[in-house]
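Printed here is entry-v4.cif (mmCIF, C-alpha atoms (C1' of nucleotides)):
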data_my_file
loop_
_atom_site.label_atom_id
_atom_site.label_comp_id
_atom_site.auth_asym_id
_atom_site.auth_seq_id
_atom_site.Cartn_x
_atom_site.Cartn_y
_atom_site.Cartn_z
CA MET A 161 -17.86 10.05 -34.10
CA GLN A 162 -17.94 13.44 -32.45
CA ASP A 163 -21.28 12.46 -31.07
CA ILE A 164 -19.63 9.65 -29.13
CA LEU A 165 -17.46 12.21 -27.43
CA PHE A 166 -20.23 14.65 -26.68
CA ASP A 167 -22.49 11.93 -25.37
CA PHE A 168 -19.74 10.97 -23.01
CA ILE A 169 -19.07 14.52 -21.87
CA SER A 170 -22.75 15.13 -21.32
CA LYS A 171 -22.66 12.64 -18.47
CA TYR A 172 -20.57 15.14 -16.54
CA ILE A 173 -21.29 18.63 -17.83
CA SER A 174 -23.51 20.20 -20.46
CA LEU A 175 -21.97 22.01 -23.39
CA THR A 176 -23.17 24.89 -25.52
CA ASP A 177 -22.66 24.76 -29.27
CA ASP A 178 -19.90 27.31 -28.91
CA GLU A 179 -18.09 25.06 -26.53
CA LYS A 180 -18.55 22.07 -28.76
CA ASN A 181 -17.11 23.97 -31.68
CA ALA A 182 -14.17 25.09 -29.62
CA ILE A 183 -13.37 21.48 -28.89
CA LEU A 184 -13.77 20.38 -32.49
CA SER A 185 -11.53 23.20 -33.69
CA LEU A 186 -8.70 21.67 -31.68
CA ASP A 187 -8.50 18.85 -34.19
CA ILE A 188 -7.94 16.15 -31.63
CA PHE A 189 -9.42 13.11 -33.31
CA ARG A 190 -6.94 10.64 -34.63
CA SER A 191 -7.29 7.33 -36.39
CA VAL A 192 -4.58 4.94 -35.34
CA MET A 193 -3.73 1.65 -36.94
CA ARG A 194 -3.43 -1.50 -34.97
CA GLY A 195 0.17 -2.10 -33.98
CA THR A 196 1.05 1.58 -33.79
CA ILE A 197 3.26 2.42 -30.85
CA LEU A 198 2.05 5.65 -29.34
CA LEU A 199 4.66 5.98 -26.63
CA GLN A 200 7.98 4.28 -26.06
CA GLU A 201 10.09 3.71 -23.01
CA GLY A 202 12.55 6.53 -22.50
CA GLN A 203 10.45 8.92 -24.53
CA LYS A 204 8.80 12.08 -23.28
CA THR A 205 5.40 13.25 -24.33
CA GLN A 206 2.74 15.72 -23.35
CA ASP A 207 0.00 13.69 -24.94
CA ASN A 208 -2.98 12.12 -23.26
CA TYR A 209 -4.95 9.40 -24.98
CA PHE A 210 -8.63 8.79 -24.78
CA VAL A 211 -10.22 5.89 -26.62
CA LEU A 212 -13.39 6.56 -28.60
CA LYS A 213 -13.22 3.25 -30.40
CA GLY A 214 -10.75 0.42 -30.23
CA CYS A 215 -8.24 -0.64 -27.64
CA ILE A 216 -4.83 0.47 -26.50
CA ARG A 217 -2.48 -1.20 -24.10
CA LYS A 218 0.17 -0.14 -21.64
CA TYR A 219 3.18 -2.39 -21.09
CA TYR A 220 6.65 -2.48 -19.67
CA ILE A 221 9.58 -4.42 -21.01
CA ILE A 222 11.32 -6.07 -18.07
CA ASN A 223 14.24 -8.39 -18.73
CA GLY A 224 13.25 -8.51 -22.36
CA GLU A 225 9.70 -9.55 -21.52
CA GLU A 226 6.57 -7.59 -22.17
CA LYS A 227 4.52 -7.01 -19.06
CA THR A 228 1.08 -5.66 -19.83
CA THR A 229 -0.45 -3.74 -16.95
CA ALA A 230 -3.47 -2.06 -18.49
CA PHE A 231 -5.92 -2.02 -21.35
CA PHE A 232 -8.00 0.98 -22.32
CA THR A 233 -11.13 0.54 -24.36
CA GLU A 234 -14.07 2.73 -25.32
CA MET A 235 -14.47 5.78 -23.07
CA GLU A 236 -11.32 5.10 -21.13
CA GLY A 237 -8.25 7.24 -21.20
CA ILE A 238 -4.71 7.44 -20.01
CA THR A 239 -2.50 10.31 -18.99
CA PRO A 240 1.03 8.96 -19.02
CA GLN A 241 3.05 9.68 -15.94
CA CYS A 242 5.72 11.32 -18.09
CA ALA A 243 3.22 13.90 -19.29
CA ILE A 244 2.85 15.12 -15.73
CA SER A 245 6.32 14.77 -14.31
CA THR A 246 8.30 15.31 -17.51
CA THR A 247 10.49 12.35 -16.67
CA PRO A 248 11.02 9.87 -19.50
CA SER A 249 8.38 7.17 -19.79
CA GLU A 250 9.02 3.82 -18.16
CA TYR A 251 6.51 2.05 -20.33
CA TYR A 252 5.09 1.65 -23.80
CA ILE A 253 1.63 2.38 -25.08
CA SER A 254 0.48 0.67 -28.21
CA CYS A 255 -2.63 0.19 -30.19
CA ILE A 256 -3.97 -3.35 -30.33
CA GLU A 257 -6.93 -2.66 -32.60
CA ASP A 258 -7.51 -0.09 -35.29
CA SER A 259 -8.72 2.73 -33.09
CA ILE A 260 -10.09 6.20 -32.98
CA LEU A 261 -8.46 8.22 -30.25
CA ILE A 262 -8.59 11.67 -28.85
CA VAL A 263 -5.06 12.87 -28.45
CA SER A 264 -4.83 15.99 -26.36
CA ASN A 265 -1.91 17.57 -24.64
CA THR A 266 -1.35 19.48 -21.46
CA GLU A 267 -1.18 22.88 -23.16
CA MET A 268 -4.49 22.28 -24.85
CA GLY A 269 -5.96 21.26 -21.54
CA ILE A 270 -4.88 24.50 -19.94
CA GLU A 271 -6.15 26.47 -22.91
CA VAL A 272 -9.57 24.90 -22.85
CA ASN A 273 -9.85 25.20 -19.11
CA ARG A 274 -9.09 28.89 -19.32
CA LYS A 275 -11.82 29.45 -21.86
CA PHE A 276 -14.34 27.09 -20.32
CA PRO A 277 -13.84 26.61 -16.61
CA LYS A 278 -16.46 23.93 -16.41
CA PHE A 279 -14.05 21.60 -18.12
CA ASP A 280 -12.02 21.72 -15.02
CA LEU A 281 -14.96 20.32 -13.13
CA MET A 282 -15.27 17.42 -15.51
CA CYS A 283 -11.57 16.62 -15.31
CA ARG A 284 -11.82 16.55 -11.60
CA MET A 285 -14.84 14.28 -11.60
CA LEU A 286 -13.13 12.00 -14.04
CA SER A 287 -9.96 11.72 -12.04
CA GLU A 288 -11.83 11.11 -8.81
CA GLU A 289 -13.87 8.43 -10.50
CA LEU A 290 -10.75 6.89 -11.92
CA LEU A 291 -8.94 6.94 -8.60
CA ALA A 292 -11.84 5.22 -6.88
CA LYS A 293 -12.15 2.59 -9.56
CA GLN A 294 -8.47 1.92 -9.55
CA GLN A 295 -8.38 1.53 -5.80
CA ILE A 296 -11.08 -1.10 -5.98
CA ASP A 297 -9.30 -2.91 -8.80
CA PHE A 298 -6.05 -2.91 -6.88
CA ASP A 299 -7.69 -4.25 -3.75
CA GLU A 300 -9.39 -6.96 -5.73
CA PHE A 301 -6.14 -7.92 -7.36
CA LYS A 302 -4.31 -8.14 -4.05
CA THR A 303 -6.96 -10.17 -2.34
CA SER A 304 -7.46 -12.72 -5.11
CA PRO A 305 -5.32 -15.57 -6.36
CA PRO A 306 -4.73 -15.80 -10.14
CA GLU A 307 -7.66 -18.08 -10.84
CA GLN A 308 -10.07 -15.77 -9.04
CA ARG A 309 -8.58 -12.81 -10.86
CA TYR A 310 -9.36 -14.50 -14.14
CA LEU A 311 -12.93 -15.20 -13.07
CA ASN A 312 -13.35 -11.61 -11.94
CA LEU A 313 -12.17 -10.39 -15.31
CA LEU A 314 -14.56 -12.75 -17.03
CA GLN A 315 -17.35 -11.07 -15.10
CA LYS A 316 -16.24 -7.48 -15.27
CA ARG A 317 -14.74 -7.14 -18.71
CA PRO A 318 -15.77 -10.15 -20.77
CA ASP A 319 -15.04 -8.17 -23.92
CA LEU A 320 -11.33 -8.11 -23.11
CA LEU A 321 -11.07 -11.88 -23.25
CA GLN A 322 -12.34 -11.69 -26.81
CA ARG A 323 -10.34 -8.82 -28.17
CA VAL A 324 -7.01 -9.21 -26.45
CA PRO A 325 -4.35 -11.87 -27.18
CA GLN A 326 -4.06 -14.48 -24.45
CA HIS A 327 -0.43 -13.85 -23.59
CA GLN A 328 -1.11 -10.17 -22.98
CA LEU A 329 -4.04 -11.07 -20.76
CA ALA A 330 -1.78 -13.40 -18.82
CA SER A 331 0.64 -10.71 -17.75
CA TYR A 332 -2.29 -8.42 -17.05
CA LEU A 333 -3.36 -11.09 -14.56
CA GLY A 334 0.16 -11.27 -13.20
CA ILE A 335 0.99 -14.75 -14.50
CA GLN A 336 2.72 -16.54 -17.40
CA PRO A 337 0.85 -17.38 -20.61
CA GLN A 338 1.28 -21.09 -19.95
CA SER A 339 -0.27 -20.70 -16.53
CA LEU A 340 -3.27 -18.94 -17.99
CA SER A 341 -3.71 -21.75 -20.48
CA ARG A 342 -3.51 -24.34 -17.74
CA LEU A 343 -5.79 -22.39 -15.45
CA ARG A 344 -8.43 -22.10 -18.13
CA ALA A 345 -8.24 -25.83 -18.81
CA ARG A 346 -8.60 -26.46 -15.08
CA ILE A 347 -11.69 -24.27 -14.78
CA PHE A 348 -13.25 -25.90 -17.83
CA LYS A 349 -12.63 -29.38 -16.51
CA ASN A 350 -14.03 -28.61 -13.06
CA ASN A 351 -17.09 -26.99 -14.59
CA LYS A 352 -17.89 -30.15 -16.52
CA SER A 353 -17.57 -32.72 -13.77
CA MET B 197 0.88 19.62 15.72
CA GLN B 198 -0.93 22.20 13.64
CA ASP B 199 2.45 23.10 12.28
CA ILE B 200 2.77 19.65 10.80
CA LEU B 201 -0.39 20.25 8.86
CA PHE B 202 0.53 23.72 7.69
CA ASP B 203 3.97 22.61 6.66
CA PHE B 204 2.37 19.96 4.54
CA ILE B 205 -0.13 22.32 2.98
CA SER B 206 2.57 24.84 2.21
CA LYS B 207 4.01 22.40 -0.29
CA TYR B 208 0.95 22.95 -2.43
CA ILE B 209 -0.50 26.38 -1.65
CA SER B 210 0.32 29.28 0.66
CA LEU B 211 -2.09 30.25 3.38
CA THR B 212 -2.85 33.57 5.06
CA ASP B 213 -3.35 33.65 8.81
CA ASP B 214 -7.06 34.09 8.22
CA GLU B 215 -7.16 30.94 6.25
CA LYS B 216 -5.18 29.06 8.83
CA ASN B 217 -7.55 30.15 11.53
CA ALA B 218 -10.51 29.13 9.47
CA ILE B 219 -9.09 25.67 9.26
CA LEU B 220 -8.29 25.47 12.93
CA SER B 221 -11.78 26.61 13.84
CA LEU B 222 -13.16 23.51 12.18
CA ASP B 223 -11.83 21.42 15.03
CA ILE B 224 -10.64 18.60 12.88
CA PHE B 225 -7.76 17.20 14.88
CA ARG B 226 -8.42 13.96 16.60
CA SER B 227 -6.34 11.69 18.77
CA VAL B 228 -7.14 8.08 18.16
CA MET B 229 -6.02 5.13 20.21
CA ARG B 230 -4.41 2.14 18.68
CA GLY B 231 -6.99 -0.51 17.94
CA THR B 232 -9.79 1.94 17.29
CA ILE B 233 -11.95 0.97 14.36
CA LEU B 234 -12.74 4.08 12.38
CA LEU B 235 -14.95 2.50 9.78
CA GLN B 236 -16.68 -0.86 9.58
CA GLU B 237 -17.95 -2.93 6.71
CA GLY B 238 -21.55 -2.10 5.92
CA GLN B 239 -21.29 1.30 7.55
CA LYS B 240 -21.70 4.64 5.81
CA THR B 241 -19.62 7.67 6.57
CA GLN B 242 -18.80 11.05 5.17
CA ASP B 243 -15.46 11.18 6.90
CA ASN B 244 -12.05 11.39 5.32
CA TYR B 245 -8.96 10.54 7.30
CA PHE B 246 -5.56 12.12 7.03
CA VAL B 247 -2.69 10.91 9.17
CA LEU B 248 -0.56 13.52 10.92
CA LYS B 249 1.11 10.99 13.14
CA GLY B 250 0.69 7.25 13.45
CA CYS B 251 -0.63 4.63 11.11
CA ILE B 252 -4.02 3.43 9.96
CA ARG B 253 -4.90 0.42 7.92
CA LYS B 254 -7.56 -0.57 5.45
CA TYR B 255 -8.72 -4.17 5.33
CA TYR B 256 -11.45 -6.42 4.08
CA ILE B 257 -12.81 -9.49 5.77
CA ILE B 258 -13.16 -12.20 3.15
CA ASN B 259 -14.26 -15.67 4.22
CA GLY B 260 -13.55 -14.70 7.78
CA GLU B 261 -10.00 -13.65 6.96
CA GLU B 262 -8.58 -10.17 7.24
CA LYS B 263 -7.09 -8.95 3.98
CA THR B 264 -5.07 -5.79 4.42
CA THR B 265 -4.80 -3.75 1.25
CA ALA B 266 -3.34 -0.45 2.42
CA PHE B 267 -1.48 1.36 5.16
CA PHE B 268 -1.54 5.10 5.65
CA THR B 269 1.21 6.80 7.60
CA GLU B 270 2.33 10.38 8.14
CA MET B 271 1.01 12.78 5.51
CA GLU B 272 -1.10 10.17 3.79
CA GLY B 273 -4.86 10.17 3.70
CA ILE B 274 -7.83 8.16 2.64
CA THR B 275 -11.24 9.09 1.35
CA PRO B 276 -13.35 5.98 1.69
CA GLN B 277 -15.28 5.01 -1.38
CA CYS B 278 -18.48 5.09 0.66
CA ALA B 279 -17.96 8.78 1.41
CA ILE B 280 -18.21 9.51 -2.30
CA SER B 281 -20.79 7.07 -3.53
CA THR B 282 -22.87 6.76 -0.34
CA THR B 283 -22.93 3.01 -0.70
CA PRO B 284 -22.08 1.08 2.46
CA SER B 285 -18.40 0.44 2.99
CA GLU B 286 -16.94 -2.85 1.84
CA TYR B 287 -13.96 -2.58 4.13
CA TYR B 288 -12.71 -1.63 7.57
CA ILE B 289 -10.36 1.12 8.58
CA SER B 290 -8.57 0.79 11.87
CA CYS B 291 -5.82 2.43 13.76
CA ILE B 292 -2.71 0.34 14.30
CA GLU B 293 -0.78 2.90 16.36
CA ASP B 294 -1.86 5.67 18.67
CA SER B 295 -2.41 8.35 16.07
CA ILE B 296 -3.25 11.94 15.43
CA LEU B 297 -5.62 12.29 12.54
CA ILE B 298 -7.43 14.96 10.68
CA VAL B 299 -10.98 13.85 10.29
CA SER B 300 -12.87 15.98 7.82
CA ASN B 301 -16.09 15.37 6.01
CA THR B 302 -17.49 16.18 2.64
CA GLU B 303 -19.64 19.06 3.89
CA MET B 304 -16.68 20.70 5.51
CA GLY B 305 -14.72 20.29 2.32
CA ILE B 306 -17.40 22.07 0.34
CA GLU B 307 -17.62 24.78 2.97
CA VAL B 308 -13.90 25.43 2.98
CA ASN B 309 -13.69 25.34 -0.78
CA ARG B 310 -16.42 27.93 -1.03
CA LYS B 311 -14.59 30.29 1.29
CA PHE B 312 -11.11 29.60 -0.01
CA PRO B 313 -11.10 28.43 -3.60
CA LYS B 314 -7.40 27.72 -3.55
CA PHE B 315 -8.14 24.68 -1.46
CA ASP B 316 -9.73 23.21 -4.45
CA LEU B 317 -6.45 23.52 -6.26
CA MET B 318 -4.65 21.63 -3.54
CA CYS B 319 -7.22 18.85 -3.48
CA ARG B 320 -6.83 18.45 -7.17
CA MET B 321 -3.05 18.35 -6.99
CA LEU B 322 -3.24 15.82 -4.21
CA SER B 323 -5.60 13.53 -6.00
CA GLU B 324 -3.58 13.67 -9.21
CA GLU B 325 -0.45 12.89 -7.27
CA LEU B 326 -2.18 10.05 -5.54
CA LEU B 327 -3.56 8.63 -8.75
CA ALA B 328 -0.13 8.66 -10.37
CA LYS B 329 1.52 7.05 -7.36
CA GLN B 330 -1.12 4.41 -7.15
CA GLN B 331 -0.82 3.56 -10.80
CA ILE B 332 2.90 2.98 -10.39
CA ASP B 333 2.35 0.87 -7.29
CA PHE B 334 -0.23 -1.23 -9.05
CA ASP B 335 2.01 -1.81 -12.05
CA GLU B 336 4.86 -2.78 -9.79
CA PHE B 337 2.66 -5.19 -7.92
CA LYS B 338 1.44 -6.84 -11.09
CA THR B 339 4.85 -7.21 -12.63
CA SER B 340 6.61 -8.61 -9.57
CA PRO B 341 6.43 -11.99 -7.85
CA PRO B 342 5.90 -11.99 -4.07
CA GLU B 343 9.58 -12.09 -3.17
CA GLN B 344 10.32 -9.07 -5.37
CA ARG B 345 7.32 -7.27 -3.90
CA TYR B 346 8.77 -7.76 -0.46
CA LEU B 347 12.16 -6.44 -1.55
CA ASN B 348 10.51 -3.44 -3.18
CA LEU B 349 8.69 -2.68 0.03
CA LEU B 350 11.92 -2.99 1.97
CA GLN B 351 13.35 -0.30 -0.26
CA LYS B 352 10.38 2.00 -0.54
CA ARG B 353 8.81 1.89 2.89
CA PRO B 354 11.27 0.29 5.29
CA ASP B 355 9.40 1.91 8.18
CA LEU B 356 6.37 -0.26 7.49
CA LEU B 357 8.30 -3.46 8.16
CA GLN B 358 9.07 -2.11 11.60
CA ARG B 359 5.75 -0.74 12.66
CA VAL B 360 3.30 -3.17 11.11
CA PRO B 361 2.60 -6.75 12.27
CA GLN B 362 3.95 -9.37 9.93
CA HIS B 363 0.66 -11.05 9.16
CA GLN B 364 -0.85 -7.77 8.03
CA LEU B 365 2.14 -7.12 5.83
CA ALA B 366 1.72 -10.55 4.31
CA SER B 367 -1.75 -9.91 3.01
CA TYR B 368 -0.63 -6.47 1.89
CA LEU B 369 1.88 -8.35 -0.28
CA GLY B 370 -0.84 -10.68 -1.46
CA ILE B 371 0.41 -13.81 0.32
CA GLN B 372 -0.13 -15.86 3.50
CA PRO B 373 1.74 -15.05 6.72
CA GLN B 374 3.52 -18.40 6.58
CA SER B 375 4.71 -17.65 3.08
CA LEU B 376 6.12 -14.32 4.17
CA SER B 377 7.96 -16.01 7.01
CA ARG B 378 9.41 -18.59 4.67
CA LEU B 379 10.26 -16.03 2.04
CA ARG B 380 12.15 -13.93 4.56
CA ALA B 381 14.07 -16.98 5.75
CA ARG B 382 14.91 -17.78 2.13
CA ILE B 383 16.22 -14.29 1.43
CA PHE B 384 18.27 -14.32 4.59
CA LYS B 385 19.79 -17.69 3.80
CA ASN B 386 20.68 -16.73 0.24
CA ASN B 387 22.19 -13.47 1.41
CA LYS B 388 24.52 -15.32 3.71
CA SER B 389 25.86 -17.98 1.38
"C1'" DT C 40 0.45 -19.48 -51.97
"C1'" DA C 41 4.43 -20.66 -49.40
"C1'" DA C 42 7.45 -19.53 -45.76
"C1'" DA C 43 8.06 -17.42 -41.52
"C1'" DT C 44 6.52 -15.86 -37.41
"C1'" DT C 45 3.56 -15.54 -33.62
"C1'" DC C 46 0.30 -17.67 -30.63
"C1'" DG C 47 -1.91 -21.02 -27.75
"C1'" DT C 48 -1.73 -25.45 -25.65
"C1'" DT C 49 0.34 -29.36 -23.57
"C1'" DC C 50 3.92 -31.90 -21.04
"C1'" DA C 51 7.54 -32.84 -17.69
"C1'" DC C 52 9.97 -30.88 -14.27
"C1'" DT C 53 11.21 -27.31 -10.74
"C1'" DT C 54 10.12 -23.91 -7.56
"C1'" DA C 55 7.25 -21.46 -4.66
"C1'" DA C 56 2.93 -20.57 -2.45
"C1'" DG C 57 -1.36 -22.53 0.09
"C1'" DT C 58 -2.77 -25.39 3.97
"C1'" DT C 59 -2.84 -27.66 8.29
"C1'" DA C 60 -0.80 -28.29 12.48
"C1'" DA C 61 2.28 -27.51 16.27
"C1'" DG C 62 5.09 -25.02 19.21
"C1'" DA C 63 7.97 -20.94 20.58
"C1'" DA C 64 8.01 -16.02 21.32
"C1'" DA C 65 5.95 -11.85 22.19
"C1'" DT C 66 2.22 -9.11 23.68
"C1'" DT C 67 -1.84 -8.14 26.24
"C1'" DA C 68 -5.05 -8.67 29.93
"C1'" DC C 69 -6.01 -9.50 34.46
"C1'" DG D 274 3.68 -11.64 37.49
"C1'" DT D 275 0.99 -15.06 35.50
"C1'" DA D 276 -2.39 -16.57 32.36
"C1'" DA D 277 -4.39 -15.89 28.03
"C1'" DT D 278 -4.07 -14.45 23.62
"C1'" DT D 279 -1.94 -13.18 19.61
"C1'" DT D 280 1.87 -13.40 16.58
"C1'" DC D 281 5.66 -15.57 14.28
"C1'" DT D 282 8.16 -19.45 12.77
"C1'" DT D 283 8.90 -24.12 11.29
"C1'" DA D 284 7.64 -28.43 9.18
"C1'" DA D 285 5.26 -31.75 6.14
"C1'" DC D 286 2.29 -32.09 2.61
"C1'" DT D 287 -0.67 -30.37 -1.30
"C1'" DT D 288 -1.58 -27.44 -4.96
"C1'" DA D 289 -0.52 -24.20 -8.27
"C1'" DA D 290 2.61 -21.28 -10.75
"C1'" DG D 291 7.32 -20.78 -13.19
"C1'" DT D 292 10.30 -22.78 -16.76
"C1'" DG D 293 11.89 -24.94 -20.91
"C1'" DA D 294 10.65 -27.42 -24.76
"C1'" DA D 295 7.77 -29.21 -28.35
"C1'" DC D 296 4.11 -28.94 -31.61
"C1'" DG D 297 0.09 -27.65 -34.14
"C1'" DA D 298 -2.82 -23.69 -35.37
"C1'" DA D 299 -3.38 -19.22 -36.68
"C1'" DT D 300 -1.65 -15.14 -38.50
"C1'" DT D 301 1.48 -12.33 -40.89
"C1'" DT D 302 4.87 -11.44 -44.46
"C1'" DA D 303 6.98 -11.88 -48.61
#

Translate the structure of the given file into structure tokens.
Amino acid sequence: MQDILFDFISKYISLTDDEKNAILSLDIFRSVMRGTILLQEGQKTQDNYFVLKGCIRKYYIINGEEKTTAFFTEMEGITPQCAISTTPSEYYISCIEDSILIVSNTEMGIEVNRKFPKFDLMCRMLSEELLAKQQIDFDEFKTSPPEQRYLNLLQKRPDLLQRVPQHQLASYLGIQPQSLSRLRARIFKNNKS
Amino acid sequence: MQDILFDFISKYISLTDDEKNAILSLDIFRSVMRGTILLQEGQKTQDNYFVLKGCIRKYYIINGEEKTTAFFTEMEGITPQCAISTTPSEYYISCIEDSILIVSNTEMGIEVNRKFPKFDLMCRMLSEELLAKQQIDFDEFKTSPPEQRYLNLLQKRPDLLQRVPQHQLASYLGIQPQSLSRLRARIFKNNKS
DNA sequence: TAAATTCGTTCACTTAAGTTAAGAAATTAC
DNA sequence: GTAATTTCTTAACTTAAGTGAACGAATTTA
């Protein structure tokens, strides 16, 4: 399990055994059961979540309705806004599969960076990469109607369609569950004829 | 004009006169006329753009139609994806007002960072800030229907509605120009009665 | 296992956005 | 200052998404 992490890190920087041990000694691995709510609206936290295995989901509750805006699967992570700005969270984060996460917090980050400056480099690469990816996703979302957004998802993250409940996918696509159902039926019908 | 820049920078780090001069010696200020296309689809560039005064716009051409996905006004900047990944650009960047920009490139960034490491700190703060802001924007976009998106924009960036042509705003909101027109008429009518 | 809940689909209906076209208003070019 | 172009609005029509309700299927809970 640790190997998954180190394999991932090795894409960005190389670690000595000392450094690896320093990370392991932080005791950051956590098994989380499906359904666990990691962060609630109104709550404050310093924790960041990184998924080694499984899937977590970010959602708002607006007028009593859940609005899912992101899924994080293997090798993806989230730093909640409230961990940076220390304002209470506007959204929820919950676990939609039994998962293995790395839960780190800001203090630990600073600590590790002080000891091993190269971590800083990795963080920076990661956040640049993330920013770029997100920009592309946002552009794609804006420039596509719902049906196209669904087809894009089918191409880019086919796994999500399997592991995530339909109604959560719907709001991720910016539509109602019924519309997603209908849209899928439409695509299927047009594909046949 | 330089003061605008240094005022901005001072929010993140403090500069000595030496450092200021080093920046000025790079000759990065550029006046750009409205209508100028800074970056074209298919083109490669190392340049980053930061707006001191004016407004620039990022857009795709999809099926012969312009799709505007972002505007950058005073104290906002853009690092095109192609400047990082060295793949050709998928979008255009053009100037929609006579503007004063800072045009820097990756080499210069490295150069400056080598001489003045604190710049690195600022870049990191900026990109974190940007990432957070963008995440919020994206969530808001996903969770709101077009009319709400328009009202949000009215609140958050009222200046844009003044300085940007309607049809560009429309695609920024993810809809057709005619729909924006209609939507505005609808809001106005409902406000009255 | 039975009951309860959640989930996905379908339907009928409403509302809003896409599309095509036309014309007025504003801007730009000459 | 006029012509040409671009931009914005309106309208009629089409298509798709929102809404409320119903129902079976799947899943969860007791």

On this structure, the PyMOL selection byres ((chain D and resi 282) around 7) would catch which residues? List them as an mmCIF file with C-alpha atoms (C1' of nucleotides), in the coordinates of the input, sorted by chain and number.
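After the write, result.cif holds the following:
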data_model
loop_
_atom_site.group_PDB
_atom_site.id
_atom_site.type_symbol
_atom_site.label_atom_id
_atom_site.label_comp_id
_atom_site.auth_asym_id
_atom_site.auth_seq_id
_atom_site.Cartn_x
_atom_site.Cartn_y
_atom_site.Cartn_z
ATOM 1 C CA SER B 377 7.960 -16.010 7.010
ATOM 2 C "C1'" DC D 281 5.660 -15.570 14.280
ATOM 3 C "C1'" DT D 283 8.900 -24.120 11.290
#

Distance table requested - chain A against chain D, cut-off 12 Å, only C-alpha atoms (C1' of nucleotides): one row per qualifying residue with the closest atom pair and its distance in Å to one decimal, ordered by chain and rising residue number, as a tab-separated table.
residue	atom	partner	partner_atom	distance
A:Pro305	CA	D:DA289	C1'	10.1
A:Pro306	CA	D:DA290	C1'	9.2
A:Glu307	CA	D:DA289	C1'	9.7
A:Gly334	CA	D:DA290	C1'	10.6
A:Ile335	CA	D:DA290	C1'	7.7
A:Gln336	CA	D:DG291	C1'	7.5
A:Pro337	CA	D:DG291	C1'	10.4
A:Gln338	CA	D:DG291	C1'	9.1
A:Ser339	CA	D:DA290	C1'	6.5
A:Leu340	CA	D:DA290	C1'	9.6
A:Ser341	CA	D:DA290	C1'	11.6
A:Arg342	CA	D:DA290	C1'	9.8
A:Leu343	CA	D:DA289	C1'	9.1
A:Arg346	CA	D:DA289	C1'	10.8

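In this model, the gap between atom C1' of DT58 of chain C and atom CA of Lys263 of chain B comes to 17.0 Å.
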
| said: Nearest residue to chain C out of B:Thr241, B:Tyr255, B:Pro361, B:Asp213, using all atoms listed in the file? | reply: B:Pro361

| task | Considering only C-alpha atoms, extract the chain B residues located within 7 Å of chain A and return them as JSON, numbers by chain. | result | {"B": [263, 265, 277, 320, 327, 328, 334, 335, 338, 339, 370]}

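Note that the spacing between atom C1' of DA56 of chain C and atom CA of Phe268 of chain B amounts to 27.3 Å.
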
Check which residues satisfy the PyMOL selection byres ((chain C) within 10 of (chain A)) in the file shown, then give them as a PDB file with C-alpha atoms (C1' of nucleotides), in the coordinates of the input.
ATOM      1  C1'  DC C  46       0.300 -17.670 -30.630  1.00  0.00           C
ATOM      2  C1'  DG C  47      -1.910 -21.020 -27.750  1.00  0.00           C
ATOM      3  C1'  DT C  48      -1.730 -25.450 -25.650  1.00  0.00           C
ATOM      4  C1'  DT C  49       0.340 -29.360 -23.570  1.00  0.00           C
TER       5       DT C  49
END

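Here atom CA of Thr282 of chain B and atom CA of Ile257 of chain B stand 20.1 Å from one another.
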
| Counting all atoms listed in the file, what is within 12 Å of Asp223 of chain B, bar same-chain residues fewer than 6 positions away, as a list in words? | Gln198, Lys216, Asn217, Leu297, Ile298, Val299, Ser300, Asn301 and Met304 of chain B

Using all atoms listed in the file - which residues lie no farther than 6 Å from the point (-0.5, 5.7, 19.6) in the file's frame? Write them as a compact mmCIF listing (two decimals) with C-alpha atoms, in the frame of the given file.
# COMPACT_ATOMS: atom_id res chain seq x y z
CA MET B 229 -6.02 5.13 20.21
CA ARG B 230 -4.41 2.14 18.68
CA GLU B 293 -0.78 2.90 16.36
CA ASP B 294 -1.86 5.67 18.67
CA SER B 295 -2.41 8.35 16.07
